[in-house]
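Engineer: A single structure is presented below for examination.
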Amino acid sequence: MAPEAAEQAEQIANEARALLFRASSADQVEEMRVRYLGRKGVLSRIFASIPRLPPEQRPAAGQAANRLKRQLTAMVQEAGRRVKQREGARLFTFDPTLPGRRPPMGHVHPLAQTIEEVSDIFRSLGFTVAEGPEVELDWYNFEALNIPPEHPSRDDFDTFYVTDRMLLRSQTSTVQIRTMESQPPPVRVIAPGRCFRPDTEDARHGSMFHQVEGLMVDEGVSFGDLKAVLHIFARELFADDVQVRFRPSFFPFTEPSAEVDCTCPACRGSGCRTCSYSGWLELGGAGMVDPNVFKAVGYDAERYTGFAFGMGIERIAMLKYGIEDFRLFYQGDVRFLRQF
Ligand code: DAH
């Protein structure tokens with residue numbers, strides 16, 4: 001290197017800076033790196049020339065060469081980063097011809113689907129869909145339903161109370177009363193909706209669940225009508241060959257009362273794990289409206305008769321879809337929900 005080592009080094013650095021500034025691809029940067037820093041590059045030649053200089057010039061030349069090396073290395077690195085960034089940016093350029101990205105779309109919850117399906121079946125039988133409040137008066141949940149003050153279902157253990165007279169409804173039977181209070185017979189309604197009971201959560205229970213209530217009142221309505229309506233309902237819901245049976249039971253608001261079973265949809269009545277090998281599964285409760293209920297709402301119990309029933313929506317959905325755990329409906333896990 002000539003005596004003006006520092007000056008020469010600066011010239012080389014300037015030239016390299018200009019060339020690297022113009023480099024627009026990784027290949028071009030690599031070319032520059034080889035030209036300046038490569039084994040046979042500019043810098044190698046400079047280092048090789050130092051021993052041939054007069055001894056007094058060598059330290060300065062060495063210093064200048066080392067400084068140049070640092071500068072060139074930094075410049076090449078910087079240029080490399082710059083072109084890489086630019087190439088990355090190019091990949092993300094807006095392309096208006098690409099199809100749009102579809103946002104994930106939700107769909108109707110399996111319980112809401114079940115309510116819809118149940119409602120459709122009853123609509124086809126001439127029932128309309130009614131609703132009632134979830135926070136209720138004692139009158140609608142108990143009193144008018146002929147449930148006496150000392151009845152165990154009125155206990156704190158079985159009902160969520162808001163005040164002495166107000167509670168979270170523990171059954172949709174409340175809507176029977178609200179409907180009859182608001183209109184004269186004939187009545188043909190179902191009332192799907194949320195109910196609440198202080199139950200401990202397990203695979204079959206939760207403190208919130210859904211029921212669908214049914215009520216039909218007119219002159220001459222018989223237990224035969226009740227059997228026909230629930231049989232048609234079960235057939236539409238599950239399968240043509242489903243059987244329905246009525247076991248004697250007791251509810252304060254119906255007389256006589258029955259528990260309604262249908263043949264297990266999983267094994268069609270031959271017995272399996274779902275039905276505990278009995279062939280039958282409970283659908284809900286039903287019966288002929290108790291005259292005391294008619295009295296509470298001001299209907300003429302001599303002239304009118306009626307039937308009522310109540311079924312659990314979760315239970316119906318579990319039977320229909322083969323779901324084994326009640327809690328899945330309420331956990332919001334899309335891996336579960338997506339299947340319906
Ligand atoms: N409300 C009852 C329950 O929650 C179910 C029920 C039984 C409703 C008989 C009715 C009925 O309308 O007639 O267990």
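In the structure tokens, chains take the letters A, B, ... in the order shown, each chain's residues start at 1, and ligands count up from 1 in the order shown.
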Would you mind listing what lies within 12 Å of A:Pro110 as a list in words, with only C-alpha atoms counted and same-chain residues fewer than 5 positions away left out?
Structural biologist: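 Answer for this query is Ile115, Glu116, Glu117, Ile313, Glu314, Arg315, Ile316, Ala317, Met318, Lys320, Tyr321, Ile323, Phe326, Leu328, Phe329, Tyr330, Gly332, Val334, Phe336, Leu337, Arg338, Gln339 and Phe340 of chain A.
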Engineer: Using only C-alpha atoms and all ligand atoms, which residues have at least one atom no more than 8 Å from ligand 1? Output them as a CSV table (one decimal) with all heavy atoms, in the first residue's frame.
Structural biologist:
```
chain,number,residue,atom,x,y,z
A,170,SER,N,-87.7,-22.5,37.8
A,170,SER,CA,-87.0,-23.9,37.9
A,170,SER,C,-87.7,-24.8,36.9
A,170,SER,O,-87.3,-26.0,36.8
A,170,SER,CB,-87.1,-24.4,39.3
A,170,SER,OG,-88.5,-24.5,39.7
A,171,GLN,N,-88.7,-24.3,36.2
A,171,GLN,CA,-89.4,-25.1,35.1
A,171,GLN,C,-90.0,-24.1,34.2
A,171,GLN,O,-90.4,-23.0,34.5
A,171,GLN,CB,-90.4,-26.0,35.8
A,171,GLN,CG,-91.3,-25.3,36.8
A,171,GLN,CD,-92.2,-26.3,37.5
A,171,GLN,OE1,-92.3,-27.5,37.2
A,171,GLN,NE2,-93.0,-25.7,38.4
A,172,THR,N,-90.3,-24.6,33.0
A,172,THR,CA,-91.0,-23.8,32.0
A,172,THR,C,-92.5,-23.9,32.2
A,172,THR,O,-93.2,-23.2,31.4
A,172,THR,CB,-90.6,-24.2,30.5
A,172,THR,OG1,-90.6,-25.6,30.4
A,172,THR,CG2,-89.2,-23.6,30.2
A,173,SER,N,-93.0,-24.6,33.1
A,173,SER,CA,-94.4,-24.7,33.4
A,173,SER,C,-95.0,-23.4,33.7
A,173,SER,O,-96.2,-23.2,33.6
A,173,SER,CB,-94.7,-25.7,34.5
A,173,SER,OG,-94.1,-26.9,34.3
A,176,GLN,N,-97.2,-22.0,31.1
A,176,GLN,CA,-98.6,-22.5,31.0
A,176,GLN,C,-99.5,-21.4,31.6
A,176,GLN,O,-100.5,-21.0,31.1
A,176,GLN,CB,-98.8,-23.7,31.9
A,176,GLN,CG,-98.2,-25.0,31.3
A,176,GLN,CD,-98.7,-26.2,32.2
A,176,GLN,OE1,-99.7,-26.2,32.8
A,176,GLN,NE2,-97.8,-27.2,32.3
A,211,GLN,N,-85.8,-26.4,29.0
A,211,GLN,CA,-86.9,-27.3,28.9
A,211,GLN,C,-87.8,-26.8,27.8
A,211,GLN,O,-87.7,-25.7,27.4
A,211,GLN,CB,-87.8,-27.3,30.2
A,211,GLN,CG,-87.1,-28.0,31.4
A,211,GLN,CD,-88.1,-28.0,32.6
A,211,GLN,OE1,-89.0,-27.2,32.7
A,211,GLN,NE2,-87.9,-29.0,33.5
A,213,GLU,N,-91.9,-26.8,27.3
A,213,GLU,CA,-93.2,-27.1,27.9
A,213,GLU,C,-94.3,-27.1,26.8
A,213,GLU,O,-94.1,-26.5,25.8
A,213,GLU,CB,-93.6,-25.9,28.8
A,213,GLU,CG,-94.7,-26.1,29.8
A,213,GLU,CD,-94.3,-27.0,30.9
A,213,GLU,OE1,-93.1,-27.2,31.1
A,213,GLU,OE2,-95.2,-27.4,31.7
A,214,GLY,N,-95.3,-27.9,27.0
A,214,GLY,CA,-96.4,-28.0,26.1
A,214,GLY,C,-97.7,-27.9,26.8
A,214,GLY,O,-97.8,-28.3,27.9
A,215,LEU,N,-98.7,-27.2,26.2
A,215,LEU,CA,-100.0,-27.1,26.8
A,215,LEU,C,-101.1,-27.0,25.7
A,215,LEU,O,-101.0,-26.3,24.7
A,215,LEU,CB,-100.1,-25.8,27.6
A,215,LEU,CG,-101.4,-25.5,28.2
A,215,LEU,CD1,-101.8,-26.5,29.3
A,215,LEU,CD2,-101.5,-24.0,28.8
A,251,PHE,N,-97.4,-35.2,39.4
A,251,PHE,CA,-97.0,-33.8,39.4
A,251,PHE,C,-98.2,-33.0,40.0
A,251,PHE,O,-99.4,-33.3,39.7
A,251,PHE,CB,-96.7,-33.3,38.0
A,251,PHE,CG,-95.5,-34.0,37.4
A,251,PHE,CD1,-95.7,-35.0,36.4
A,251,PHE,CD2,-94.2,-33.7,37.7
A,251,PHE,CE1,-94.6,-35.7,35.9
A,251,PHE,CE2,-93.1,-34.3,37.2
A,251,PHE,CZ,-93.3,-35.3,36.2
A,253,PHE,N,-99.5,-30.3,39.2
A,253,PHE,CA,-100.3,-29.5,38.2
A,253,PHE,C,-101.0,-30.4,37.2
A,253,PHE,O,-101.6,-29.8,36.3
A,253,PHE,CB,-99.4,-28.4,37.6
A,253,PHE,CG,-98.0,-28.8,37.3
A,253,PHE,CD1,-97.6,-29.4,36.2
A,253,PHE,CD2,-97.0,-28.6,38.3
A,253,PHE,CE1,-96.3,-29.8,36.0
A,253,PHE,CE2,-95.7,-29.0,38.2
A,253,PHE,CZ,-95.3,-29.6,37.0
A,254,THR,N,-100.8,-31.7,37.3
A,254,THR,CA,-101.5,-32.6,36.4
A,254,THR,C,-102.2,-33.7,37.2
A,254,THR,O,-101.6,-34.2,38.2
A,254,THR,CB,-100.6,-33.2,35.3
A,254,THR,OG1,-99.4,-33.6,35.9
A,254,THR,CG2,-100.3,-32.2,34.2
A,257,SER,N,-101.0,-38.0,36.2
A,257,SER,CA,-99.7,-37.6,35.7
A,257,SER,C,-98.9,-38.8,35.2
A,257,SER,O,-99.2,-39.9,35.6
A,257,SER,CB,-98.9,-36.9,36.8
A,257,SER,OG,-99.5,-35.8,37.3
A,258,ALA,N,-98.0,-38.6,34.3
A,258,ALA,CA,-97.2,-39.7,33.8
A,258,ALA,C,-95.8,-39.3,33.5
A,258,ALA,O,-95.5,-38.1,33.3
A,258,ALA,CB,-97.8,-40.2,32.5
A,259,GLU,N,-94.9,-40.3,33.6
A,259,GLU,CA,-93.5,-40.1,33.0
A,259,GLU,C,-93.6,-40.7,31.6
A,259,GLU,O,-94.1,-41.8,31.4
A,259,GLU,CB,-92.5,-40.9,33.9
A,259,GLU,CG,-92.5,-40.6,35.3
A,259,GLU,CD,-91.6,-39.4,35.7
A,259,GLU,OE1,-90.9,-38.9,34.8
A,259,GLU,OE2,-91.6,-39.0,36.9
A,284,GLY,N,-89.7,-37.1,29.5
A,284,GLY,CA,-90.2,-36.0,30.3
A,284,GLY,C,-91.4,-36.4,31.1
A,284,GLY,O,-91.7,-37.6,31.2
A,285,GLY,N,-92.1,-35.3,31.6
A,285,GLY,CA,-93.3,-35.6,32.4
A,285,GLY,C,-94.5,-35.0,31.6
A,285,GLY,O,-94.3,-34.2,30.8
A,286,ALA,N,-95.7,-35.5,32.0
A,286,ALA,CA,-96.9,-35.1,31.3
A,286,ALA,C,-98.1,-35.4,32.1
A,286,ALA,O,-98.0,-36.1,33.1
A,286,ALA,CB,-97.0,-35.7,29.9
A,287,GLY,N,-99.3,-35.0,31.6
A,287,GLY,CA,-100.5,-35.3,32.3
A,287,GLY,C,-101.6,-34.4,31.9
A,287,GLY,O,-101.5,-33.6,31.0
A,288,MET,N,-102.8,-34.7,32.5
A,288,MET,CA,-104.0,-33.8,32.2
A,288,MET,C,-104.0,-32.7,33.2
A,288,MET,O,-103.8,-32.9,34.4
A,288,MET,CB,-105.2,-34.7,32.4
A,288,MET,CG,-105.3,-35.9,31.4
A,288,MET,SD,-105.1,-35.4,29.7
A,288,MET,CE,-106.7,-34.6,29.4
A,289,VAL,N,-104.2,-31.5,32.7
A,289,VAL,CA,-104.1,-30.3,33.6
A,289,VAL,C,-105.1,-30.4,34.8
A,289,VAL,O,-106.2,-30.7,34.6
A,289,VAL,CB,-104.5,-29.0,32.7
A,289,VAL,CG1,-104.4,-27.8,33.6
A,289,VAL,CG2,-103.5,-28.9,31.6
A,307,PHE,N,-104.1,-31.1,28.3
A,307,PHE,CA,-102.9,-31.8,28.7
A,307,PHE,C,-101.7,-30.9,28.7
A,307,PHE,O,-101.7,-29.8,28.0
A,307,PHE,CB,-102.7,-33.0,27.8
A,307,PHE,CG,-102.3,-32.8,26.4
A,307,PHE,CD1,-101.1,-32.3,26.0
A,307,PHE,CD2,-103.3,-33.0,25.4
A,307,PHE,CE1,-100.8,-32.0,24.7
A,307,PHE,CE2,-103.0,-32.8,24.0
A,307,PHE,CZ,-101.7,-32.3,23.7
A,308,ALA,N,-100.7,-31.3,29.4
A,308,ALA,CA,-99.4,-30.5,29.5
A,308,ALA,C,-98.3,-31.5,29.5
A,308,ALA,O,-98.5,-32.7,29.9
A,308,ALA,CB,-99.4,-29.7,30.8
A,309,PHE,N,-97.2,-31.1,29.1
A,309,PHE,CA,-96.0,-31.9,29.2
A,309,PHE,C,-94.7,-31.0,29.3
A,309,PHE,O,-94.8,-29.8,29.0
A,309,PHE,CB,-95.8,-32.8,28.0
A,309,PHE,CG,-95.8,-32.1,26.6
A,309,PHE,CD1,-94.6,-31.6,26.1
A,309,PHE,CD2,-97.0,-31.9,25.9
A,309,PHE,CE1,-94.6,-30.9,24.9
A,309,PHE,CE2,-96.9,-31.2,24.7
A,309,PHE,CZ,-95.8,-30.7,24.2
A,310,GLY,N,-93.7,-31.6,29.8
A,310,GLY,CA,-92.4,-30.9,29.9
A,310,GLY,C,-91.2,-31.8,29.7
A,310,GLY,O,-91.2,-32.9,30.2
A,311,MET,N,-90.3,-31.4,28.8
A,311,MET,CA,-89.2,-32.2,28.5
A,311,MET,C,-87.9,-31.4,28.6
A,311,MET,O,-87.9,-30.2,28.4
A,311,MET,CB,-89.3,-32.7,27.1
A,311,MET,CG,-90.6,-33.6,26.9
A,311,MET,SD,-90.7,-34.2,25.2
A,311,MET,CE,-91.3,-32.7,24.3
```
Engineer: Which residues come within 12 Å of A:Cys195, counting only C-alpha atoms, excluding same-chain residues fewer than 2 positions away, as a PyMOL selection string?
Structural biologist: chain A and resi 132-136+141+158-160+167-175+191-193+197-199+205-213+310-314
Engineer: List every residue of stretch 223-309 of chain A that DSSP, applied to the backbone of this structure, places in strand (DSSP E or B), and write the result as number ranges by chain.
Structural biologist: A: 244-251, 254-263, 280-289, 305-309
Engineer: For A:Glu282, find every residue with an atom within 7 Å (counting only C-alpha atoms), except residues of its own chain fewer than 2 positions away, and show them as an MDAnalysis selection string.
Structural biologist: chainID A and resid 260:262 280 284
Engineer: Please produce a file of those selected residues containing N, CA, C and O atoms, as a PDB file, in the first residue's frame.
Structural biologist:
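Just written: result.pdb:
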```pdb
ATOM      1  N   VAL A 260     -92.998 -39.964  30.697  1.00  0.00           N
ATOM      2  CA  VAL A 260     -93.053 -40.419  29.314  1.00  0.00           C
ATOM      3  C   VAL A 260     -91.685 -40.966  28.911  1.00  0.00           C
ATOM      4  O   VAL A 260     -90.673 -40.295  29.083  1.00  0.00           O
ATOM      5  N   ASP A 261     -91.685 -42.188  28.400  1.00  0.00           N
ATOM      6  CA  ASP A 261     -90.445 -42.787  27.899  1.00  0.00           C
ATOM      7  C   ASP A 261     -90.591 -43.059  26.410  1.00  0.00           C
ATOM      8  O   ASP A 261     -91.701 -43.209  25.905  1.00  0.00           O
ATOM      9  N   CYS A 262     -89.449 -43.137  25.736  1.00  0.00           N
ATOM     10  CA  CYS A 262     -89.493 -43.623  24.347  1.00  0.00           C
ATOM     11  C   CYS A 262     -88.434 -44.699  24.193  1.00  0.00           C
ATOM     12  O   CYS A 262     -87.512 -44.793  25.001  1.00  0.00           O
ATOM     13  N   TRP A 280     -85.446 -48.419  27.125  1.00  0.00           N
ATOM     14  CA  TRP A 280     -86.283 -47.219  27.232  1.00  0.00           C
ATOM     15  C   TRP A 280     -85.499 -46.033  27.786  1.00  0.00           C
ATOM     16  O   TRP A 280     -84.591 -46.219  28.591  1.00  0.00           O
ATOM     17  N   GLY A 284     -89.686 -37.105  29.478  1.00  0.00           N
ATOM     18  CA  GLY A 284     -90.154 -36.004  30.311  1.00  0.00           C
ATOM     19  C   GLY A 284     -91.391 -36.374  31.092  1.00  0.00           C
ATOM     20  O   GLY A 284     -91.736 -37.554  31.223  1.00  0.00           O
TER      21      GLY A 284
END
```
Engineer: Excluding same-chain residues fewer than 5 positions from A:Arg188, what lies within 10 Å of it counting only C-alpha atoms, as an NGL selection string?
Structural biologist: :A and (122-123 or 125-130 or 179 or 214-218 or 306-308)
Engineer: As a ChimeraX atom specification, please: the residues near stretch 53-58 of chain A (cut-off 12 Å, only C-alpha atoms, same-chain neighbours under 3 positions excluded).
Structural biologist: /A:1-6,46-50,61-65
Engineer: Go ahead and save the residues from that selection, with N, CA, C and O atoms, as a PDB file, in the first residue's frame.
Structural biologist:
```pdb
ATOM      1  N   MET A   1       0.840  -1.202   0.000  1.00  0.00           N
ATOM      2  CA  MET A   1       0.000   0.000   0.000  1.00  0.00           C
ATOM      3  C   MET A   1       0.876   1.254   0.000  1.00  0.00           C
ATOM      4  O   MET A   1       1.901   1.324   0.678  1.00  0.00           O
ATOM      5  N   ALA A   2       0.436   2.191  -0.777  1.00  0.00           N
ATOM      6  CA  ALA A   2       1.219   3.424  -0.931  1.00  0.00           C
ATOM      7  C   ALA A   2       1.244   4.220   0.365  1.00  0.00           C
ATOM      8  O   ALA A   2       0.492   3.923   1.279  1.00  0.00           O
ATOM      9  N   PRO A   3       2.146   5.229   0.459  1.00  0.00           N
ATOM     10  CA  PRO A   3       2.239   6.028   1.679  1.00  0.00           C
ATOM     11  C   PRO A   3       0.912   6.633   2.089  1.00  0.00           C
ATOM     12  O   PRO A   3       0.592   6.744   3.270  1.00  0.00           O
ATOM     13  N   GLU A   4       0.151   7.030   1.132  1.00  0.00           N
ATOM     14  CA  GLU A   4      -1.130   7.658   1.467  1.00  0.00           C
ATOM     15  C   GLU A   4      -2.159   6.572   1.783  1.00  0.00           C
ATOM     16  O   GLU A   4      -3.253   6.569   1.253  1.00  0.00           O
ATOM     17  N   ALA A   5      -1.753   5.631   2.658  1.00  0.00           N
ATOM     18  CA  ALA A   5      -2.592   4.452   2.941  1.00  0.00           C
ATOM     19  C   ALA A   5      -4.001   4.839   3.364  1.00  0.00           C
ATOM     20  O   ALA A   5      -4.988   4.327   2.836  1.00  0.00           O
ATOM     21  N   ALA A   6      -4.085   5.780   4.294  1.00  0.00           N
ATOM     22  CA  ALA A   6      -5.401   6.142   4.837  1.00  0.00           C
ATOM     23  C   ALA A   6      -6.302   6.723   3.750  1.00  0.00           C
ATOM     24  O   ALA A   6      -7.476   6.388   3.625  1.00  0.00           O
ATOM     25  N   ILE A  46      -4.654  -5.864  -0.441  1.00  0.00           N
ATOM     26  CA  ILE A  46      -4.064  -4.795   0.372  1.00  0.00           C
ATOM     27  C   ILE A  46      -3.196  -5.396   1.481  1.00  0.00           C
ATOM     28  O   ILE A  46      -2.038  -5.024   1.673  1.00  0.00           O
ATOM     29  N   PHE A  47      -3.794  -6.380   2.197  1.00  0.00           N
ATOM     30  CA  PHE A  47      -3.020  -7.019   3.279  1.00  0.00           C
ATOM     31  C   PHE A  47      -1.739  -7.652   2.733  1.00  0.00           C
ATOM     32  O   PHE A  47      -0.675  -7.555   3.332  1.00  0.00           O
ATOM     33  N   ALA A  48      -1.856  -8.268   1.527  1.00  0.00           N
ATOM     34  CA  ALA A  48      -0.695  -8.948   0.952  1.00  0.00           C
ATOM     35  C   ALA A  48       0.415  -7.965   0.581  1.00  0.00           C
ATOM     36  O   ALA A  48       1.592  -8.314   0.555  1.00  0.00           O
ATOM     37  N   SER A  49      -0.008  -6.716   0.314  1.00  0.00           N
ATOM     38  CA  SER A  49       0.993  -5.744  -0.122  1.00  0.00           C
ATOM     39  C   SER A  49       1.781  -5.115   1.024  1.00  0.00           C
ATOM     40  O   SER A  49       2.837  -4.544   0.816  1.00  0.00           O
ATOM     41  N   ILE A  50       1.233  -5.229   2.242  1.00  0.00           N
ATOM     42  CA  ILE A  50       1.873  -4.552   3.382  1.00  0.00           C
ATOM     43  C   ILE A  50       3.330  -4.988   3.621  1.00  0.00           C
ATOM     44  O   ILE A  50       4.216  -4.134   3.783  1.00  0.00           O
ATOM     45  N   ALA A  61      -0.087   1.536   7.443  1.00  0.00           N
ATOM     46  CA  ALA A  61      -0.828   0.813   6.403  1.00  0.00           C
ATOM     47  C   ALA A  61      -1.669  -0.297   7.011  1.00  0.00           C
ATOM     48  O   ALA A  61      -2.818  -0.517   6.634  1.00  0.00           O
ATOM     49  N   GLY A  62      -1.086  -0.983   7.989  1.00  0.00           N
ATOM     50  CA  GLY A  62      -1.828  -2.062   8.676  1.00  0.00           C
ATOM     51  C   GLY A  62      -3.074  -1.523   9.351  1.00  0.00           C
ATOM     52  O   GLY A  62      -4.161  -2.085   9.226  1.00  0.00           O
ATOM     53  N   GLN A  63      -2.890  -0.407  10.040  1.00  0.00           N
ATOM     54  CA  GLN A  63      -4.030   0.203  10.731  1.00  0.00           C
ATOM     55  C   GLN A  63      -5.130   0.584   9.753  1.00  0.00           C
ATOM     56  O   GLN A  63      -6.322   0.288   9.965  1.00  0.00           O
ATOM     57  N   ALA A  64      -4.705   1.223   8.654  1.00  0.00           N
ATOM     58  CA  ALA A  64      -5.688   1.652   7.649  1.00  0.00           C
ATOM     59  C   ALA A  64      -6.407   0.448   7.068  1.00  0.00           C
ATOM     60  O   ALA A  64      -7.638   0.464   6.864  1.00  0.00           O
ATOM     61  N   ALA A  65      -5.675  -0.620   6.804  1.00  0.00           N
ATOM     62  CA  ALA A  65      -6.276  -1.823   6.211  1.00  0.00           C
ATOM     63  C   ALA A  65      -7.290  -2.439   7.167  1.00  0.00           C
ATOM     64  O   ALA A  65      -8.379  -2.849   6.774  1.00  0.00           O
TER      65      ALA A  65
END
```
Engineer: Got a sec: who's within 10 Å of A:Arg86, counting only C-alpha atoms, leaving out chain neighbours fewer than 4 positions off, as a ChimeraX atom specification?
Structural biologist: /A:24-25,81-82,90-91
Engineer: Quick one, how far is atom CA of A:Glu236 from atom CA of A:Pro186?
Structural biologist: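 Interatomic distance, atom CA of A:Glu236 to atom CA of A:Pro186: 24.6 Å.
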Engineer: So how far away is atom CA of A:Ala296 from atom CA of A:Pro185, in Å?
Structural biologist: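 Going from atom CA of A:Pro185 over to atom CA of A:Ala296, I get 14.4 Å.
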Engineer: Which of stretch 23-134 of chain A counts as alpha helix (DSSP H) under DSSP, as a PyMOL selection string please?
Structural biologist: chain A and resi 26-37+42-49+58-91+110-124
